[in-house]
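This is data37.cif (mmCIF, C-alpha atoms; chains and numbers go by the auth columns).
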data_final
#
loop_
_atom_site.group_PDB
_atom_site.id
_atom_site.type_symbol
_atom_site.label_atom_id
_atom_site.label_comp_id
_atom_site.label_asym_id
_atom_site.label_seq_id
_atom_site.Cartn_x
_atom_site.Cartn_y
_atom_site.Cartn_z
_atom_site.B_iso_or_equiv
_atom_site.auth_seq_id
_atom_site.auth_asym_id
ATOM 1 C CA MET A 1 -19.161 27.405 7.620 0.00 1 A
ATOM 2 C CA PHE A 2 -19.060 24.826 10.392 0.00 2 A
ATOM 3 C CA LEU A 3 -20.563 22.208 8.084 0.00 3 A
ATOM 4 C CA ILE A 4 -17.834 22.770 5.517 0.00 4 A
ATOM 5 C CA ILE A 5 -15.090 22.339 8.118 0.00 5 A
ATOM 6 C CA ALA A 6 -16.781 19.230 9.506 0.00 6 A
ATOM 7 C CA ALA A 7 -17.154 17.752 6.020 0.00 7 A
ATOM 8 C CA VAL A 8 -13.477 18.350 5.183 0.00 8 A
ATOM 9 C CA ALA A 9 -12.410 16.820 8.505 0.00 9 A
ATOM 10 C CA LEU A 10 -14.650 13.793 7.905 0.00 10 A
ATOM 11 C CA ILE A 11 -13.257 13.279 4.412 0.00 11 A
ATOM 12 C CA ALA A 12 -9.695 13.496 5.751 0.00 12 A
ATOM 13 C CA LEU A 13 -10.494 10.998 8.501 0.00 13 A
ATOM 14 C CA ILE A 14 -12.110 8.523 6.116 0.00 14 A
ATOM 15 C CA SER A 15 -9.279 8.765 3.588 0.00 15 A
ATOM 16 C CA SER A 16 -6.638 8.186 6.263 0.00 16 A
ATOM 17 C CA VAL A 17 -8.506 5.130 7.571 0.00 17 A
ATOM 18 C CA VAL A 18 -8.760 3.737 4.033 0.00 18 A
ATOM 19 C CA TYR A 19 -5.019 4.287 3.544 0.00 19 A
ATOM 20 C CA LEU A 20 -4.228 2.535 6.833 0.00 20 A
ATOM 21 C CA ILE A 21 -6.407 -0.439 5.893 0.00 21 A
ATOM 22 C CA ASP A 22 -4.705 -0.680 2.483 0.00 22 A
ATOM 23 C CA PHE A 23 -1.287 -0.503 4.172 0.00 23 A
ATOM 24 C CA ALA A 24 -2.214 -3.183 6.724 0.00 24 A
ATOM 25 C CA LEU A 25 -3.513 -5.581 4.077 0.00 25 A
ATOM 26 C CA ALA A 26 -0.482 -5.035 1.842 0.00 26 A
ATOM 27 C CA THR A 27 2.028 -5.660 4.611 0.00 27 A
ATOM 28 C CA ARG A 28 0.166 -8.648 6.016 0.00 28 A
ATOM 29 C CA HIS A 29 0.309 -10.682 2.803 0.00 29 A
ATOM 30 C CA ASP A 30 3.684 -9.475 1.540 0.00 30 A
ATOM 31 C CA SER A 31 6.491 -11.943 0.916 0.00 31 A
ATOM 32 C CA LEU A 32 9.739 -10.012 1.113 0.00 32 A
ATOM 33 C CA ARG A 33 11.639 -12.576 -0.954 0.00 33 A
ATOM 34 C CA ALA A 34 9.476 -11.985 -4.025 0.00 34 A
ATOM 35 C CA PRO A 35 9.135 -8.829 -6.114 0.00 35 A
ATOM 36 C CA ALA A 36 6.317 -6.502 -5.157 0.00 36 A
ATOM 37 C CA SER A 37 3.121 -7.729 -6.780 0.00 37 A
ATOM 38 C CA SER A 38 1.086 -4.517 -6.683 0.00 38 A
ATOM 39 C CA GLY A 39 1.244 -0.809 -6.126 0.00 39 A
ATOM 40 C CA GLY A 40 -0.058 -1.154 -2.587 0.00 40 A
ATOM 41 C CA VAL A 41 2.737 -3.553 -1.689 0.00 41 A
ATOM 42 C CA ARG A 42 5.362 -1.243 -3.211 0.00 42 A
ATOM 43 C CA ARG A 43 3.928 1.709 -1.297 0.00 43 A
ATOM 44 C CA ALA A 44 3.894 -0.263 1.963 0.00 44 A
ATOM 45 C CA ARG A 45 7.507 -1.353 1.459 0.00 45 A
ATOM 46 C CA ARG A 46 8.563 2.209 0.710 0.00 46 A
ATOM 47 C CA VAL A 47 6.758 3.608 3.776 0.00 47 A
ATOM 48 C CA SER A 48 8.124 0.937 6.114 0.00 48 A
ATOM 49 C CA GLY A 49 11.684 1.301 4.777 0.00 49 A
ATOM 50 C CA MET A 50 11.950 -2.125 3.154 0.00 50 A
ATOM 51 C CA TYR A 51 13.503 -0.694 -0.006 0.00 51 A
ATOM 52 C CA VAL A 52 17.208 -0.091 0.478 0.00 52 A
ATOM 53 C CA ARG A 53 19.850 1.270 -1.836 0.00 53 A
ATOM 54 C CA SER A 54 21.896 -1.158 -3.864 0.00 54 A
ATOM 55 C CA ARG A 55 25.706 -1.075 -3.931 0.00 55 A
ATOM 56 C CA GLU A 56 25.713 0.797 -7.258 0.00 56 A
ATOM 57 C CA GLU A 57 23.596 3.651 -5.936 0.00 57 A
ATOM 58 C CA GLN A 58 25.367 6.309 -3.946 0.00 58 A
ATOM 59 C CA LEU A 59 24.056 9.191 -1.932 0.00 59 A
ATOM 60 C CA THR A 60 24.444 12.516 -3.680 0.00 60 A
ATOM 61 C CA HIS A 61 24.678 14.662 -0.547 0.00 61 A
#

Re-express the file's structure as structure tokens.
Amino acid sequence: MFLIIAAVALIALISSVVYLIDFALATRHDSLRAPASSGGVRRARRVSGMYVRSREEQLTH
């Protein structure tokens, strides 16, 4: 039982480190004046709040 819990925790730790590395690389080489070139860049912009609403979009609540 302990090995299963340790394995799940290790997988979660490794996947979060991989996500952080992907985020760091995407934000480091991103030019905000150009359209997003990949899914990683779009995800990094969305997480960091770089995508904002346009004037046509309105909040529904």

Item to check | d(atom CA of Tyr19 of chain A, atom CA of Val41 of chain A) in Å | outcome: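 Between atom CA of Tyr19 of chain A and atom CA of Val41 of chain A the gap works out to 12.2 Å.
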
Next on the checklist: Expand the PyMOL selection byres ((chain A and resi 44) around 10) into the explicit residue set it covers here, and present it as number ranges by chain.
Outcome noted: A: 20, 22-27, 30, 36, 39-43, 45-51

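A straight line drawn from atom CA of Arg28 of chain A to atom CA of Ser15 of chain A is 20.0 Å long.
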